[in-house]
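Here the structure is laid out as structure tokens; the discussion comes afterwards.
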Amino acid sequence: MTSHQPYGGWGRFRDYARAIEGATYGLDGEWRTMEKTGLSVLSLRSFISAWSSELTDYYGEDFGSLYEGLKERDNCPGSFLRDYSQPKLIDDSEFGDTIVFVLADLATNVDPTWVPPHIHKKLRKAGNLRRKKLRHQWSYENPLNRIHGFLIMKDVTNSHHKKLTTCIDTICSSYFTDKRGIGSDLMVLAKDFSKALGAQDIVLEVANEFSANGFPDDEENDEEEETSDEEENDEEEETSDEESDDEEETSDEEESDDEENDDEEEEYIWYPDDNVMSILADEFWKKCMRKSKDGRVYYNLDQEYIEVGLWNYFHCSHDCEDNGGIWQGTERRAISDKDDPKDTEYGGFWYLKGKRSQAPLMKFYEKFGFKEDPEVHTDWCIFSGIPYPAMRLTL
């Protein structure tokens with residue numbers, strides 16, 4: 001996987017910039033307001049750019065703003081505000097395979113301490129620590145609570161399926177909101193962006209907590225592989241040392257050139273550090289929280305999965321090794337017997353259990369024209385071997 005590279009050159013940048021502009025800007029040139037929720041839609045970098053100083057102040061981490069000291073308020077002598085500057089470009093300047101959109105409340109005329117009535121009742125009864133937690137989850141004092149939903153999309157065109165195809169990698173309506181219609185607005189956004197990009201299909205997997213079950217434990221295999229790798233490394237170390245001596249001078253020159261280019265880029269473009277990435281991954285993952293009818297808390301996605309999507313977006317990464325090439329894809333997933341598939345195959349026991357658990361969600365997707373298509377899982381070489389139900393929308 002490569003990163004920080006202008007994959008496809010100017011043409012790709014132009015296509016993505018136009019598609020994002022078409023999907024996120026209204027006729028008035030302002031951020032597009034979505035029909036169901038009345039919330040604004042913009043890329044995650046654009047959101048961070050708009051609320052950089054508030055995020056830096058709230059979390060005490062580098063969200064792209066530097067604290068410059070106190071500044072006296074205009075027309076209010078003796079009253080001061082914390083003053084911040086943005087020395088680096090935060091907004092989108094390159095594009096990889098992944099784009100992250102957010103559905104956010106950008107209003108500035110709201111009380112940041114406001115919480116919904118049912119949470120306000122809990123605040124009155126809660127202790128100090130519980131109040132802080134509730135405000136962190138619900139109030140706009142935490143700027144990330146302005147994000148009521150998010151959408152991670154990915155270009156999954158590959159050598160096995162060369163028609164331009166986008167994938168709804170993650171779509172989430174925050175648990176910590178009283179807004180309705182967030183999922184519908186995000187689906188409309190996904191279709192509009194994909195059409196503007198020129199995609200022929202949109203695909204998705206219906207994530208659930210069951211379909212990944214039943215696979216053998218790979219721990220023993222991992223240990224064996226680790227041992228064999230160590231032995232192989234010992235045997236090859238002597239030979240590789242000799243070869244590296246001959247190549248050292250050339251590789252040092254190439255590395256110095258790459259480091260120089262990266263250093264120049266780092267001077268004017270903001271990238272989240274490890275602490276900020278950890279914050280974003282944790283907060284976005286918690287927005288995906290759900291509760292079952294019996295009150296059990298569960299998540300359909302792992303935090304690490306969301307963090308990978310965010311990292312790929314921020315660092316403009318590409319699955320293809322060659323910048324000008326095309327992703328090789330995963331691999332075809334053959335079904336041993338379509339009339340009686342194995343438990344871990346598409347159509348098998350764990351697939352069916354996962355599908356039944358997400359029947360309402362699949363009906364929701366069907367309202368937007370999506371239909372289940374097993375070939376997306378078996379032949380398009382887009383997804384992993386986990387038999388999540390695969391759906392497709394032809395644009």
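Each chain in the structure tokens gets a letter, A, B, ..., in the order shown, and its residues are numbered from 1; ligands are numbered from 1 in order too.
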
What lies within 10 Å of A:Thr33 using only C-alpha atoms, ignoring chain neighbours under 5 positions off, as a compact mmCIF listing (two decimals) with C-alpha atoms, in the first residue's frame?
```txt
# COMPACT_ATOMS: atom_id res chain seq x y z
CA THR A 24 -21.28 18.60 -0.97
CA TYR A 25 -22.01 22.10 -2.28
CA GLY A 26 -25.43 23.66 -2.81
CA GLY A 38 -31.25 19.74 7.62
CA LEU A 39 -27.61 18.94 8.41
CA SER A 40 -24.66 19.99 6.26
CA VAL A 41 -22.50 17.53 4.36
CA LEU A 42 -18.75 17.96 3.91
CA LEU A 103 -23.18 14.93 8.21
CA ALA A 104 -22.71 17.79 10.65
CA ASP A 105 -24.44 20.66 12.42
CA ASP A 185 -29.35 11.40 3.79
```

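Within 7 Å of A:Gln200, once only C-alpha atoms are used and residues closer than 2 positions along the same chain are dropped, the contacting residues are Lys163, Leu164, Thr165, Gly198, Thr394 and Leu395 of chain A.
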
Could the residues in this selection be saved with all heavy atoms as a PDB file, in the first residue's frame?
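Below is the file that was written, again.pdb:
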```
ATOM      1  N   LYS A 163     -14.754  -2.155 -14.307  1.00  0.00           N
ATOM      2  CA  LYS A 163     -15.706  -1.049 -14.371  1.00  0.00           C
ATOM      3  C   LYS A 163     -15.619  -0.253 -13.071  1.00  0.00           C
ATOM      4  O   LYS A 163     -15.531  -0.838 -11.988  1.00  0.00           O
ATOM      5  CB  LYS A 163     -17.134  -1.577 -14.556  1.00  0.00           C
ATOM      6  CG  LYS A 163     -17.369  -2.264 -15.905  1.00  0.00           C
ATOM      7  CD  LYS A 163     -18.807  -2.759 -16.009  1.00  0.00           C
ATOM      8  CE  LYS A 163     -19.056  -3.441 -17.352  1.00  0.00           C
ATOM      9  NZ  LYS A 163     -20.449  -3.944 -17.460  1.00  0.00           N
ATOM     10  N   LEU A 164     -15.625   1.072 -13.195  1.00  0.00           N
ATOM     11  CA  LEU A 164     -15.491   1.923 -12.012  1.00  0.00           C
ATOM     12  C   LEU A 164     -16.582   1.602 -10.997  1.00  0.00           C
ATOM     13  O   LEU A 164     -17.775   1.736 -11.284  1.00  0.00           O
ATOM     14  CB  LEU A 164     -15.548   3.401 -12.404  1.00  0.00           C
ATOM     15  CG  LEU A 164     -15.395   4.414 -11.272  1.00  0.00           C
ATOM     16  CD1 LEU A 164     -14.107   4.180 -10.494  1.00  0.00           C
ATOM     17  CD2 LEU A 164     -15.434   5.841 -11.820  1.00  0.00           C
ATOM     18  N   THR A 165     -16.165   1.167  -9.830  1.00  0.00           N
ATOM     19  CA  THR A 165     -17.089   0.728  -8.784  1.00  0.00           C
ATOM     20  C   THR A 165     -16.703   1.373  -7.461  1.00  0.00           C
ATOM     21  O   THR A 165     -15.537   1.354  -7.072  1.00  0.00           O
ATOM     22  CB  THR A 165     -17.055  -0.806  -8.628  1.00  0.00           C
ATOM     23  OG1 THR A 165     -17.362  -1.418  -9.886  1.00  0.00           O
ATOM     24  CG2 THR A 165     -18.055  -1.273  -7.581  1.00  0.00           C
ATOM     25  N   GLY A 198     -18.611   9.097 -11.801  1.00  0.00           N
ATOM     26  CA  GLY A 198     -18.701   8.280 -13.017  1.00  0.00           C
ATOM     27  C   GLY A 198     -18.738   6.797 -12.755  1.00  0.00           C
ATOM     28  O   GLY A 198     -18.499   5.990 -13.670  1.00  0.00           O
ATOM     29  N   THR A 394     -26.853  -0.669  -9.341  1.00  0.00           N
ATOM     30  CA  THR A 394     -26.366  -0.248 -10.638  1.00  0.00           C
ATOM     31  C   THR A 394     -26.859   1.164 -10.913  1.00  0.00           C
ATOM     32  O   THR A 394     -28.071   1.421 -10.844  1.00  0.00           O
ATOM     33  CB  THR A 394     -26.855  -1.213 -11.738  1.00  0.00           C
ATOM     34  OG1 THR A 394     -26.375  -2.522 -11.460  1.00  0.00           O
ATOM     35  CG2 THR A 394     -26.354  -0.770 -13.109  1.00  0.00           C
ATOM     36  N   LEU A 395     -25.935   2.063 -11.204  1.00  0.00           N
ATOM     37  CA  LEU A 395     -26.289   3.465 -11.393  1.00  0.00           C
ATOM     38  C   LEU A 395     -26.712   3.747 -12.838  1.00  0.00           C
ATOM     39  O   LEU A 395     -26.311   3.042 -13.753  1.00  0.00           O
ATOM     40  CB  LEU A 395     -25.091   4.351 -11.018  1.00  0.00           C
ATOM     41  CG  LEU A 395     -24.654   4.242  -9.548  1.00  0.00           C
ATOM     42  CD1 LEU A 395     -23.358   5.000  -9.343  1.00  0.00           C
ATOM     43  CD2 LEU A 395     -25.743   4.787  -8.632  1.00  0.00           C
TER      44      LEU A 395
END
```

**OP:** Go through A:Asp178, A:Met289, A:Asp282, A:Ala50 one by one, measure the shortest atom-to-atom distance of each to A:Tyr305 using only C-alpha atoms, and give the residue with the smallest value.
**Re:** A:Asp282
